[in-house]
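Visitor: Provided herewith: target36.txt, compact mmCIF, C-alpha atoms.
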# COMPACT_ATOMS: atom_id res chain seq x y z
CA THR Z 223 33.07 -31.71 35.35
CA VAL Z 224 31.13 -34.11 37.57
CA ILE Z 225 32.83 -34.92 40.90
CA PRO Z 226 31.39 -37.70 43.14
CA PRO Z 227 30.51 -36.85 46.75
CA THR Z 228 33.19 -39.17 48.27
CA ASN Z 229 32.63 -37.77 51.73
CA VAL Z 230 29.03 -39.02 51.70
CA PHE Z 231 29.56 -42.70 50.92
CA HIS Z 232 31.43 -45.05 53.29
CA ASP Z 233 31.85 -48.84 53.44
CA ASN Z 234 33.01 -51.14 56.24
CA CYS Z 235 35.16 -53.30 53.96
CA THR Z 236 36.11 -51.12 51.04
CA PRO Z 237 38.16 -48.00 51.64
CA ASP Z 238 36.47 -44.83 50.49
CA SER Z 239 39.18 -44.28 47.92
CA GLU Z 240 38.39 -47.62 46.28
CA LEU Z 241 34.63 -47.18 45.97
CA ASP Z 242 33.19 -47.00 42.48
CA PHE Z 243 30.35 -44.65 41.59
CA LEU Z 244 27.41 -44.58 39.25
CA PHE Z 245 25.38 -41.48 38.59
CA TRP Z 246 22.36 -40.30 36.63
CA LEU Z 247 22.09 -36.85 35.07
CA ASP Z 248 18.57 -35.46 35.05
CA GLY Z 249 17.25 -39.01 35.36
CA ARG Z 250 18.83 -40.12 32.10
CA GLY Z 251 20.80 -43.38 31.90
CA SER Z 252 23.52 -44.45 34.26
CA PHE Z 253 27.13 -43.40 33.91
CA TYR Z 254 30.24 -44.90 35.40
CA TYR Z 255 32.42 -42.35 37.08
CA GLY Z 256 35.80 -42.48 35.36
CA SER Z 257 38.25 -40.43 33.44
CA ASP Z 258 36.24 -40.72 30.22
CA SER Z 259 32.82 -39.99 31.70
CA THR Z 260 33.24 -37.06 33.98
CA THR Z 261 32.73 -34.09 31.67
CA PHE Z 262 29.28 -33.13 30.45
CA LYS Z 263 27.93 -30.12 28.61
CA LEU Z 264 25.16 -28.73 30.77
CA THR Z 265 22.65 -26.26 29.44
CA ASN Z 266 21.67 -23.10 31.21
CA GLY Z 267 19.37 -23.74 34.18
CA GLY Z 268 18.99 -26.36 36.91
CA HIS Z 269 20.09 -30.02 36.73
CA TRP Z 270 19.81 -32.98 39.12
CA ILE Z 271 22.51 -35.62 39.61
CA THR Z 272 21.77 -38.91 41.42
CA TRP Z 273 24.72 -40.87 42.89
CA LEU Z 274 25.20 -44.51 43.87
CA ALA Z 275 28.33 -46.15 45.34
CA VAL Z 276 29.56 -49.71 44.61
CA ASP Z 277 32.03 -51.56 46.85
CA ARG Z 278 34.58 -54.24 45.88
CA PHE Z 279 31.94 -56.97 46.31
CA ASN Z 280 29.57 -55.17 43.91
CA HIS Z 281 27.25 -54.18 46.71
CA ARG Z 282 25.32 -51.04 45.87
CA SER Z 283 24.44 -48.26 48.23
CA ASP Z 284 21.32 -46.23 48.49
CA THR Z 285 21.23 -43.21 46.23
CA CYS Z 286 21.66 -39.57 47.02
CA GLY Z 287 21.38 -36.55 44.80
CA HIS Z 288 22.16 -32.90 44.50
CA ALA Z 289 21.36 -30.04 42.19
CA ILE Z 290 23.66 -28.20 39.81
CA TYR Z 291 22.69 -24.76 38.57
CA VAL Z 292 24.23 -23.33 35.42
CA VAL Z 293 23.92 -19.56 35.41
CA ASP Z 294 24.58 -17.56 32.24
CA GLU Z 295 26.23 -14.29 33.18
CA ASN Z 296 27.57 -13.45 29.73
CA ARG Z 297 26.02 -10.37 28.21
CA PRO Z 298 24.94 -10.42 24.56
CA VAL Z 299 27.18 -8.59 22.13
CA ILE Z 300 25.32 -6.32 19.70
CA THR Z 301 26.68 -4.67 16.56
CA CYS Z 302 24.60 -2.17 14.64
CA SER Z 303 24.59 -1.95 10.89
CA PRO Z 304 26.18 1.07 9.21
CA VAL Z 305 24.26 4.31 8.86
CA SER Z 306 21.22 3.92 6.65
CA ASP Z 307 20.26 6.67 4.20
CA VAL Z 308 16.70 6.46 2.92
CA GLU Z 309 15.92 8.89 0.11
CA LEU Z 310 12.41 10.22 -0.27
CA ASN Z 311 11.48 11.27 -3.78
CA VAL Z 312 7.71 11.51 -3.93
CA HIS Z 313 5.19 14.34 -4.17
CA VAL Z 314 2.42 12.89 -2.03
CA ALA Z 315 4.02 12.31 1.39
CA CYS Z 316 6.56 13.78 3.77
CA ASP Z 317 7.67 10.48 5.28
CA THR Z 318 8.54 6.95 4.24
CA THR Z 319 7.93 3.50 5.68
CA PHE Z 320 11.00 1.33 6.06
CA ASN Z 321 11.33 -2.26 7.31
CA LEU Z 322 14.02 -2.33 9.99
CA GLU Z 323 16.80 -4.89 9.77
CA ALA Z 324 17.89 -6.20 13.16
CA PRO Z 325 21.51 -5.64 14.18
CA GLU Z 326 23.90 -8.56 14.59
CA VAL Z 327 23.65 -10.08 18.08
CA LYS Z 328 25.86 -12.83 19.52
CA ASP Z 329 25.20 -14.68 22.77
CA SER Z 330 26.49 -17.92 24.26
CA CYS Z 331 22.99 -19.16 25.10
CA GLY Z 332 20.87 -17.48 22.48
CA VAL Z 333 19.03 -14.18 22.19
CA ALA Z 334 15.54 -13.94 23.62
CA HIS Z 335 14.59 -10.38 22.68
CA ILE Z 336 15.82 -7.44 20.65
CA TYR Z 337 14.47 -3.97 21.39
CA TYR Z 338 14.78 -0.58 19.74
CA LYS Z 339 13.95 3.00 20.61
CA LEU Z 340 13.08 5.73 18.14
CA GLY Z 341 13.26 9.46 18.62
CA ASP Z 342 10.11 9.42 20.76
CA GLY Z 343 11.94 7.37 23.42
CA VAL Z 344 9.34 4.58 23.38
CA THR Z 345 10.77 1.03 23.52
CA HIS Z 346 9.56 -1.35 20.83
CA GLU Z 347 10.27 -5.08 20.59
CA TYR Z 348 11.67 -6.33 17.32
CA ASP Z 349 9.68 -9.23 15.88
CA LEU Z 350 12.29 -11.98 15.52
CA SER Z 351 9.71 -14.51 14.34
CA ASP Z 352 8.83 -12.47 11.25
CA PRO Z 353 11.43 -9.83 10.24
CA ASP Z 354 9.04 -8.46 7.61
CA LYS Z 355 6.73 -7.16 10.36
CA ASN Z 356 9.10 -4.47 11.62
CA SER Z 357 8.01 -1.49 9.56
CA VAL Z 358 8.69 1.99 10.90
CA THR Z 359 7.61 5.33 9.46
CA PHE Z 360 10.42 7.88 9.29
CA LYS Z 361 9.82 11.57 8.76
CA VAL Z 362 12.09 13.80 6.70
CA GLY Z 363 15.35 14.41 8.55
CA ASP Z 364 17.54 12.30 10.84
CA THR Z 365 16.14 9.66 13.20
CA LEU Z 366 18.46 7.90 15.64
CA VAL Z 367 17.48 4.28 16.43
CA LYS Z 368 18.95 2.78 19.60
CA TRP Z 369 19.15 -1.03 19.87
CA PHE Z 370 19.77 -3.44 22.73
CA ALA Z 371 19.35 -7.20 23.23
CA VAL Z 372 18.33 -9.42 26.14
CA ASP Z 373 19.17 -13.12 26.45
CA ALA Z 374 17.20 -15.89 28.15
CA SER Z 375 18.95 -15.19 31.46
CA ASN Z 376 17.89 -11.54 31.34
CA ASN Z 377 21.40 -10.30 30.60
CA TYR Z 378 21.29 -6.98 28.78
CA SER Z 379 23.69 -6.01 26.03
CA ASP Z 380 25.17 -2.57 25.55
CA THR Z 381 23.30 -0.28 23.18
CA CYS Z 382 24.26 0.52 19.63
CA GLU Z 383 22.83 3.09 17.27
CA SER Z 384 21.75 3.40 13.66
CA ARG Z 385 20.87 6.68 12.00
CA PHE Z 386 18.22 6.83 9.32
CA THR Z 387 18.27 9.91 7.09
CA VAL Z 388 15.26 10.69 4.94
CA ARG Z 389 15.89 13.36 2.32
CA ASP Z 390 13.18 15.34 0.59
CA VAL Z 391 14.40 15.85 -2.97
CA ALA Z 392 11.02 16.71 -4.47
CA LYS Z 393 10.61 20.27 -5.72
CA PRO Z 394 7.35 22.13 -5.11
CA THR Z 395 5.05 22.43 -8.09
CA ILE Z 396 4.05 25.99 -8.98
CA THR Z 397 1.70 27.34 -11.65
CA CYS Z 398 1.30 31.07 -12.21
CA VAL Z 399 -1.80 32.79 -13.54
CA ASP Z 400 -1.82 34.06 -17.11
CA ASN Z 401 -0.15 37.33 -17.95
CA VAL Z 402 -2.25 40.37 -17.11
CA ASP Z 403 -3.00 43.16 -19.61
CA VAL Z 404 -4.64 46.33 -18.30
CA LYS Z 405 -5.78 49.42 -20.21
CA VAL Z 406 -5.98 52.78 -18.50
CA TYR Z 407 -7.95 55.77 -19.74
CA THR Z 408 -7.74 58.46 -17.11
CA HIS Z 409 -4.44 57.78 -15.32
CA CYS Z 410 -0.91 56.67 -16.17
CA ASP Z 411 -0.92 53.84 -13.64
CA THR Z 412 -3.26 51.35 -12.00
CA THR Z 413 -3.42 49.50 -8.69
CA LEU Z 414 -3.91 45.73 -8.85
CA THR Z 415 -4.05 42.91 -6.33
CA LEU Z 416 -1.49 40.21 -7.09
CA ALA Z 417 -2.92 36.85 -8.03
CA PRO Z 418 -0.80 34.19 -6.26
CA PRO Z 419 0.17 31.01 -8.09
CA THR Z 420 -1.11 27.53 -7.33
CA VAL Z 421 1.52 25.71 -5.26
CA SER Z 422 1.78 22.20 -3.83
CA ASP Z 423 4.54 20.28 -2.07
CA ASN Z 424 4.84 16.87 -0.43
CA CYS Z 425 5.90 18.52 2.85
CA SER Z 426 5.32 22.26 3.21
CA TYR Z 427 6.47 25.45 1.55
CA GLN Z 428 6.84 29.21 1.80
CA LEU Z 429 5.89 31.50 -1.05
CA TYR Z 430 7.89 34.61 -2.03
CA TYR Z 431 7.22 37.32 -4.61
CA LYS Z 432 9.37 39.93 -6.33
CA ILE Z 433 7.93 42.86 -8.24
CA GLY Z 434 10.24 44.22 -10.88
CA SER Z 435 13.52 45.32 -9.32
CA GLU Z 436 12.10 45.55 -5.81
CA ASP Z 437 13.35 43.26 -3.03
CA GLU Z 438 11.83 39.82 -2.67
CA ALA Z 439 9.22 39.48 0.09
CA LEU Z 440 7.38 36.65 1.84
CA TYR Z 441 3.80 36.28 0.69
CA THR Z 442 1.49 35.95 3.69
CA SER Z 443 -1.66 37.80 2.66
CA ALA Z 444 -3.14 39.70 -0.28
CA VAL Z 445 -0.77 42.25 -1.81
CA SER Z 446 -1.80 45.34 -3.82
CA HIS Z 447 0.66 47.20 -6.01
CA LYS Z 448 0.62 50.28 -8.23
CA PHE Z 449 1.74 49.41 -11.74
CA ASN Z 450 3.00 52.13 -14.05
CA LEU Z 451 2.69 52.17 -17.80
CA GLY Z 452 4.69 49.42 -19.44
CA THR Z 453 5.46 45.82 -18.50
CA THR Z 454 6.39 44.77 -14.99
CA ILE Z 455 7.51 41.22 -14.23
CA VAL Z 456 6.33 39.61 -10.98
CA THR Z 457 8.37 36.55 -10.00
CA TRP Z 458 6.89 33.96 -7.66
CA ARG Z 459 9.13 31.44 -5.86
CA ALA Z 460 8.09 28.48 -3.66
CA VAL Z 461 10.66 26.97 -1.25
CA ASP Z 462 10.22 23.89 0.94
CA PRO Z 463 12.10 23.14 4.23
CA ALA Z 464 14.73 21.15 2.30
CA ASN Z 465 15.46 24.23 0.13
CA ASN Z 466 13.94 22.65 -2.95
CA GLU Z 467 12.41 25.46 -4.96
CA ALA Z 468 10.40 26.25 -8.06
CA SER Z 469 9.40 29.54 -9.63
CA CYS Z 470 7.25 31.13 -12.31
CA ILE Z 471 6.58 34.66 -13.57
CA VAL Z 472 3.60 36.83 -14.47
CA GLU Z 473 3.87 39.86 -16.78
CA TYR Z 474 1.68 42.82 -15.89
CA SER Z 475 1.30 45.15 -18.89
CA VAL Z 476 -0.34 48.54 -18.45
CA LYS Z 477 -1.29 50.34 -21.64
CA ASP Z 478 -2.53 53.91 -22.12
CA SER Z 479 -5.69 53.65 -24.17
CA SER Z 480 -6.96 57.21 -23.84
CA GLY Z 481 -7.04 59.49 -26.92
CA ILE Z 482 -5.61 63.02 -27.16
CA ASN Z 483 -8.18 65.65 -26.32
CA VAL Z 484 -7.82 68.89 -28.33
CA HIS Z 485 -9.71 72.03 -27.26
CA CYS Z 486 -9.65 74.77 -29.87
CA PRO Z 487 -10.45 78.40 -28.89
CA ASP Z 488 -13.74 79.98 -29.95
CA ASN Z 489 -13.94 81.85 -33.25
CA ASP Z 490 -13.18 85.58 -33.02
CA ASN Z 491 -14.89 88.23 -35.21
CA LEU Z 492 -12.37 90.79 -36.28
CA VAL Z 493 -13.46 94.16 -37.60
CA LEU Z 494 -10.85 95.68 -39.81
CA ASP Z 495 -10.99 99.32 -40.82
CA VAL Z 496 -9.71 99.27 -44.33
CA CYS Z 497 -8.72 102.53 -45.90
Output the file's structure in the form of structure tokens.
Guide:
Amino acid sequence: TVIPPTNVFHDNCTPDSELDFLFWLDGRGSFYYGSDSTTFKLTNGGHWITWLAVDRFNHRSDTCGHAIYVVDENRPVITCSPVSDVELNVHVACDTTFNLEAPEVKDSCGVAHIYYKLGDGVTHEYDLSDPDKNSVTFKVGDTLVKWFAVDASNNYSDTCESRFTVRDVAKPTITCVDNVDVKVYTHCDTTLTLAPPTVSDNCSYQLYYKIGSEDEALYTSAVSHKFNLGTTIVTWRAVDPANNEASCIVEYSVKDSSGINVHCPDNDNLVLDVC
């Protein structure tokens, strides 16, 4: 509401209470001060009002002016979107690129900037001019995104959070070697080095092996094992950090291929005394 500076203007014939006033707002037009012209909507920032008094004889005074400053002290209100679950289902990467959607922000004078922080703690500015340019790469697991907004008067909003969950649902791929057949000739067993399978995974994996009824063990280096006659099954199992797994088996067959050696005694000459 615009109020004239009545204590500034005085006239020798017209009482101060009967003076009329004209004023200009930011140099625009001239307004008569009255009940219908005293309220203006002023934008945030500085404004200049110029005043002029008119007495009962329509004599006009010199002008005077003063500044009005409108200061926005209202903080933006920010509301994050619900938790976002992004599912990763590929075999060639352990992350995914996702275009962030800005949270809802309300402010009486407009929002100047929106910022977000990822797990690394680095502050990034959201591109309000082109929402399609806000791509972020998320690794497998949970990433907490913290948002806050700043208006044109540098008022900061509270923070809100969104959680992005990337799930690895891709199983490792595993291919075992062909079954192994071994013939033995001089012993009833043989020692062989296990041939590990070919394994790949979009993230990482650990490889386990199980020989027959023995306990499963983690495969870290070459393993040798004594195989007895018959068929022994070796089970290979690959497991990634998300507990996706795949397995395959190799049959090791050991066969006795030696013949039976027979050693007969030498011939004996018997002399019989026959009566």
Visitor: Just the residues within 8 Å of segment 292-294 of chain Z, please, counting all atoms listed in the file, with nothing from its chain fewer than 3 positions along; format it as a ChimeraX atom specification.
Guide: /Z:264-269,331,375
Visitor: Have a look at atom CA of His346 of chain Z and atom CA of Ile300 of chain Z and let me know their distance in Å, one decimal.
Guide: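 Taking atom CA of His346 of chain Z and atom CA of Ile300 of chain Z, their separation equals 16.6 Å.
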Visitor: Just how far from atom CA of Ser303 of chain Z is atom CA of Ala374 of chain Z, in Å to one decimal?
Guide: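 We find that atom CA of Ala374 of chain Z and atom CA of Ser303 of chain Z lie 23.4 Å from each other.
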Visitor: How many Å lie between atom CA of Asn296 of chain Z and atom CA of Gly249 of chain Z, rounded to one decimal?
Guide: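 Going from atom CA of Asn296 of chain Z over to atom CA of Gly249 of chain Z covers 28.1 Å.
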Visitor: Between Z:His335, Z:Glu323, Z:Asp390, Z:Val276, which has the minimum distance to Pro237 of chain Z (counting only C-alpha atoms)?
Guide: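 Of Z:His335, Z:Glu323, Z:Asp390, Z:Val276, the one nearest Pro237 of chain Z, counting only C-alpha atoms, is Z:Val276.
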Visitor: Go through Z:Ser469, Z:Phe386, Z:Ile336, Z:Ile271 one by one, measure the shortest atom-to-atom distance of each to Asn321 of chain Z using all atoms listed in the file, and give the residue with the smallest value.
Guide: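 Once distances to Asn321 of chain Z are computed over all atoms listed in the file, the minimum belongs to Z:Phe386.
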Visitor: Counting all atoms listed in the file, which of Z:Tyr430, Z:Val404, Z:Ala417, Z:Ala392 gets nearest to Ala464 of chain Z?
Guide: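 Going through Z:Tyr430, Z:Val404, Z:Ala417, Z:Ala392 one by one, the smallest distance to Ala464 of chain Z is for Z:Ala392.
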Visitor: Find the residues around Val299 of chain Z up to 9 Å (all atoms listed in the file counted), leave out those fewer than 5 positions away in its own chain, and share them as a ChimeraX atom specification.
Guide: /Z:326-329,371,379-380
Visitor: Let me make sure I understand: among Z:Lys263, Z:Cys382, Z:His232, Z:Asp284, which one has the smallest atom-to-atom distance to Leu244 of chain Z if we use all atoms listed in the file?
Guide: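 Ranked by minimum distance to Leu244 of chain Z, first place goes to Z:Asp284.
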Visitor: Between Z:Pro353, Z:Thr301, Z:Cys425, Z:Cys410, which is the closest to Phe449 of chain Z once you count all atoms listed in the file?
Guide: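 Smallest distance to Phe449 of chain Z is found for Z:Cys410.
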Visitor: From the set Z:Thr408, Z:Asn401, Z:Thr365, Z:Asn280, which residue has the shortest atom-to-atom contact distance to Thr454 of chain Z, counting all atoms listed in the file?
Guide: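 Of Z:Thr408, Z:Asn401, Z:Thr365, Z:Asn280, the one nearest Thr454 of chain Z is Z:Asn401, counting all atoms listed in the file.
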Visitor: Select all residues near (11.1, 22.8, 0.1) (cut-off 12 Å, inclusive, file coordinates), counting all atoms listed in the file, and output them as a PDB file with C-alpha atoms, in the coordinates of the input.
Guide:
ATOM      1  CA  HIS Z 313       5.190  14.340  -4.170  1.00  0.00           C
ATOM      2  CA  CYS Z 316       6.560  13.780   3.770  1.00  0.00           C
ATOM      3  CA  VAL Z 362      12.090  13.800   6.700  1.00  0.00           C
ATOM      4  CA  ARG Z 389      15.890  13.360   2.320  1.00  0.00           C
ATOM      5  CA  ASP Z 390      13.180  15.340   0.590  1.00  0.00           C
ATOM      6  CA  VAL Z 391      14.400  15.850  -2.970  1.00  0.00           C
ATOM      7  CA  ALA Z 392      11.020  16.710  -4.470  1.00  0.00           C
ATOM      8  CA  LYS Z 393      10.610  20.270  -5.720  1.00  0.00           C
ATOM      9  CA  PRO Z 394       7.350  22.130  -5.110  1.00  0.00           C
ATOM     10  CA  THR Z 395       5.050  22.430  -8.090  1.00  0.00           C
ATOM     11  CA  ILE Z 396       4.050  25.990  -8.980  1.00  0.00           C
ATOM     12  CA  VAL Z 421       1.520  25.710  -5.260  1.00  0.00           C
ATOM     13  CA  SER Z 422       1.780  22.200  -3.830  1.00  0.00           C
ATOM     14  CA  ASP Z 423       4.540  20.280  -2.070  1.00  0.00           C
ATOM     15  CA  ASN Z 424       4.840  16.870  -0.430  1.00  0.00           C
ATOM     16  CA  CYS Z 425       5.900  18.520   2.850  1.00  0.00           C
ATOM     17  CA  SER Z 426       5.320  22.260   3.210  1.00  0.00           C
ATOM     18  CA  TYR Z 427       6.470  25.450   1.550  1.00  0.00           C
ATOM     19  CA  GLN Z 428       6.840  29.210   1.800  1.00  0.00           C
ATOM     20  CA  LEU Z 429       5.890  31.500  -1.050  1.00  0.00           C
ATOM     21  CA  ARG Z 459       9.130  31.440  -5.860  1.00  0.00           C
ATOM     22  CA  ALA Z 460       8.090  28.480  -3.660  1.00  0.00           C
ATOM     23  CA  VAL Z 461      10.660  26.970  -1.250  1.00  0.00           C
ATOM     24  CA  ASP Z 462      10.220  23.890   0.940  1.00  0.00           C
ATOM     25  CA  PRO Z 463      12.100  23.140   4.230  1.00  0.00           C
ATOM     26  CA  ALA Z 464      14.730  21.150   2.300  1.00  0.00           C
ATOM     27  CA  ASN Z 465      15.460  24.230   0.130  1.00  0.00           C
ATOM     28  CA  ASN Z 466      13.940  22.650  -2.950  1.00  0.00           C
ATOM     29  CA  GLU Z 467      12.410  25.460  -4.960  1.00  0.00           C
ATOM     30  CA  ALA Z 468      10.400  26.250  -8.060  1.00  0.00           C
ATOM     31  CA  SER Z 469       9.400  29.540  -9.630  1.00  0.00           C
TER      32      SER Z 469
END
Visitor: Write segment 278-288 of chain Z as a PDB file, in the coordinates of the input, completed to all heavy atoms.
Guide:
ATOM      1  N   ARG Z 278      33.804 -53.243  46.605  1.00  0.00           N
ATOM      2  CA  ARG Z 278      34.580 -54.240  45.880  1.00  0.00           C
ATOM      3  C   ARG Z 278      33.813 -55.549  45.664  1.00  0.00           C
ATOM      4  O   ARG Z 278      34.188 -56.348  44.802  1.00  0.00           O
ATOM      5  CB  ARG Z 278      35.872 -54.530  46.634  1.00  0.00           C
ATOM      6  CG  ARG Z 278      35.664 -55.217  47.981  1.00  0.00           C
ATOM      7  CD  ARG Z 278      36.973 -55.540  48.655  1.00  0.00           C
ATOM      8  NE  ARG Z 278      37.716 -54.328  49.004  1.00  0.00           N
ATOM      9  CZ  ARG Z 278      38.869 -54.357  49.658  1.00  0.00           C
ATOM     10  NH1 ARG Z 278      39.428 -55.537  49.996  1.00  0.00           N
ATOM     11  NH2 ARG Z 278      39.478 -53.249  49.997  1.00  0.00           N
ATOM     12  N   PHE Z 279      32.739 -55.744  46.454  1.00  0.00           N
ATOM     13  CA  PHE Z 279      31.940 -56.970  46.310  1.00  0.00           C
ATOM     14  C   PHE Z 279      30.703 -56.718  45.452  1.00  0.00           C
ATOM     15  O   PHE Z 279      29.789 -57.537  45.418  1.00  0.00           O
ATOM     16  CB  PHE Z 279      31.542 -57.481  47.685  1.00  0.00           C
ATOM     17  CG  PHE Z 279      32.726 -57.772  48.567  1.00  0.00           C
ATOM     18  CD1 PHE Z 279      33.054 -56.903  49.611  1.00  0.00           C
ATOM     19  CD2 PHE Z 279      33.531 -58.892  48.350  1.00  0.00           C
ATOM     20  CE1 PHE Z 279      34.150 -57.159  50.424  1.00  0.00           C
ATOM     21  CE2 PHE Z 279      34.626 -59.142  49.164  1.00  0.00           C
ATOM     22  CZ  PHE Z 279      34.943 -58.267  50.206  1.00  0.00           C
ATOM     23  N   ASN Z 280      30.673 -55.549  44.788  1.00  0.00           N
ATOM     24  CA  ASN Z 280      29.570 -55.170  43.910  1.00  0.00           C
ATOM     25  C   ASN Z 280      28.268 -54.913  44.675  1.00  0.00           C
ATOM     26  O   ASN Z 280      27.183 -55.045  44.118  1.00  0.00           O
ATOM     27  CB  ASN Z 280      29.341 -56.219  42.811  1.00  0.00           C
ATOM     28  CG  ASN Z 280      28.678 -55.615  41.580  1.00  0.00           C
ATOM     29  OD1 ASN Z 280      28.896 -54.440  41.274  1.00  0.00           O
ATOM     30  ND2 ASN Z 280      27.868 -56.410  40.895  1.00  0.00           N
ATOM     31  N   HIS Z 281      28.421 -54.615  45.961  1.00  0.00           N
ATOM     32  CA  HIS Z 281      27.250 -54.180  46.710  1.00  0.00           C
ATOM     33  C   HIS Z 281      26.966 -52.710  46.395  1.00  0.00           C
ATOM     34  O   HIS Z 281      27.890 -51.885  46.357  1.00  0.00           O
ATOM     35  CB  HIS Z 281      27.477 -54.359  48.217  1.00  0.00           C
ATOM     36  CG  HIS Z 281      27.695 -55.780  48.605  1.00  0.00           C
ATOM     37  ND1 HIS Z 281      28.646 -56.192  49.532  1.00  0.00           N
ATOM     38  CD2 HIS Z 281      27.090 -56.935  48.185  1.00  0.00           C
ATOM     39  CE1 HIS Z 281      28.606 -57.497  49.667  1.00  0.00           C
ATOM     40  NE2 HIS Z 281      27.675 -57.986  48.852  1.00  0.00           N
ATOM     41  N   ARG Z 282      25.695 -52.404  46.234  1.00  0.00           N
ATOM     42  CA  ARG Z 282      25.320 -51.040  45.870  1.00  0.00           C
ATOM     43  C   ARG Z 282      24.669 -50.328  47.051  1.00  0.00           C
ATOM     44  O   ARG Z 282      23.899 -50.916  47.802  1.00  0.00           O
ATOM     45  CB  ARG Z 282      24.353 -51.040  44.681  1.00  0.00           C
ATOM     46  CG  ARG Z 282      24.986 -51.605  43.417  1.00  0.00           C
ATOM     47  CD  ARG Z 282      24.134 -51.355  42.197  1.00  0.00           C
ATOM     48  NE  ARG Z 282      24.786 -51.813  40.983  1.00  0.00           N
ATOM     49  CZ  ARG Z 282      24.381 -51.509  39.757  1.00  0.00           C
ATOM     50  NH1 ARG Z 282      23.317 -50.731  39.590  1.00  0.00           N
ATOM     51  NH2 ARG Z 282      25.038 -51.963  38.724  1.00  0.00           N
ATOM     52  N   SER Z 283      25.006 -49.061  47.141  1.00  0.00           N
ATOM     53  CA  SER Z 283      24.440 -48.260  48.230  1.00  0.00           C
ATOM     54  C   SER Z 283      23.089 -47.692  47.841  1.00  0.00           C
ATOM     55  O   SER Z 283      22.616 -47.870  46.703  1.00  0.00           O
ATOM     56  CB  SER Z 283      25.388 -47.087  48.538  1.00  0.00           C
ATOM     57  OG  SER Z 283      25.375 -46.172  47.451  1.00  0.00           O
ATOM     58  N   ASP Z 284      22.480 -47.051  48.823  1.00  0.00           N
ATOM     59  CA  ASP Z 284      21.320 -46.230  48.490  1.00  0.00           C
ATOM     60  C   ASP Z 284      21.796 -45.046  47.630  1.00  0.00           C
ATOM     61  O   ASP Z 284      22.988 -44.780  47.501  1.00  0.00           O
ATOM     62  CB  ASP Z 284      20.645 -45.712  49.754  1.00  0.00           C
ATOM     63  CG  ASP Z 284      20.027 -46.852  50.569  1.00  0.00           C
ATOM     64  OD1 ASP Z 284      19.633 -47.864  49.941  1.00  0.00           O
ATOM     65  OD2 ASP Z 284      19.944 -46.710  51.805  1.00  0.00           O
ATOM     66  N   THR Z 285      20.878 -44.365  47.070  1.00  0.00           N
ATOM     67  CA  THR Z 285      21.230 -43.210  46.230  1.00  0.00           C
ATOM     68  C   THR Z 285      21.113 -41.911  47.010  1.00  0.00           C
ATOM     69  O   THR Z 285      20.389 -41.811  48.013  1.00  0.00           O
ATOM     70  CB  THR Z 285      20.300 -43.117  45.001  1.00  0.00           C
ATOM     71  OG1 THR Z 285      18.948 -42.979  45.441  1.00  0.00           O
ATOM     72  CG2 THR Z 285      20.441 -44.350  44.123  1.00  0.00           C
ATOM     73  N   CYS Z 286      21.834 -40.942  46.542  1.00  0.00           N
ATOM     74  CA  CYS Z 286      21.660 -39.570  47.020  1.00  0.00           C
ATOM     75  C   CYS Z 286      21.810 -38.650  45.824  1.00  0.00           C
ATOM     76  O   CYS Z 286      22.359 -39.058  44.787  1.00  0.00           O
ATOM     77  CB  CYS Z 286      22.656 -39.224  48.120  1.00  0.00           C
ATOM     78  SG  CYS Z 286      24.358 -39.034  47.554  1.00  0.00           S
ATOM     79  N   GLY Z 287      21.329 -37.460  45.949  1.00  0.00           N
ATOM     80  CA  GLY Z 287      21.380 -36.550  44.800  1.00  0.00           C
ATOM     81  C   GLY Z 287      21.627 -35.116  45.228  1.00  0.00           C
ATOM     82  O   GLY Z 287      21.500 -34.749  46.396  1.00  0.00           O
ATOM     83  N   HIS Z 288      21.987 -34.326  44.248  1.00  0.00           N
ATOM     84  CA  HIS Z 288      22.160 -32.900  44.500  1.00  0.00           C
ATOM     85  C   HIS Z 288      21.936 -32.153  43.195  1.00  0.00           C
ATOM     86  O   HIS Z 288      21.991 -32.709  42.086  1.00  0.00           O
ATOM     87  CB  HIS Z 288      23.558 -32.600  45.067  1.00  0.00           C
ATOM     88  CG  HIS Z 288      24.684 -32.960  44.149  1.00  0.00           C
ATOM     89  ND1 HIS Z 288      25.191 -32.109  43.216  1.00  0.00           N
ATOM     90  CD2 HIS Z 288      25.388 -34.124  44.024  1.00  0.00           C
ATOM     91  CE1 HIS Z 288      26.168 -32.699  42.560  1.00  0.00           C
ATOM     92  NE2 HIS Z 288      26.317 -33.927  43.022  1.00  0.00           N
TER      93      HIS Z 288
END
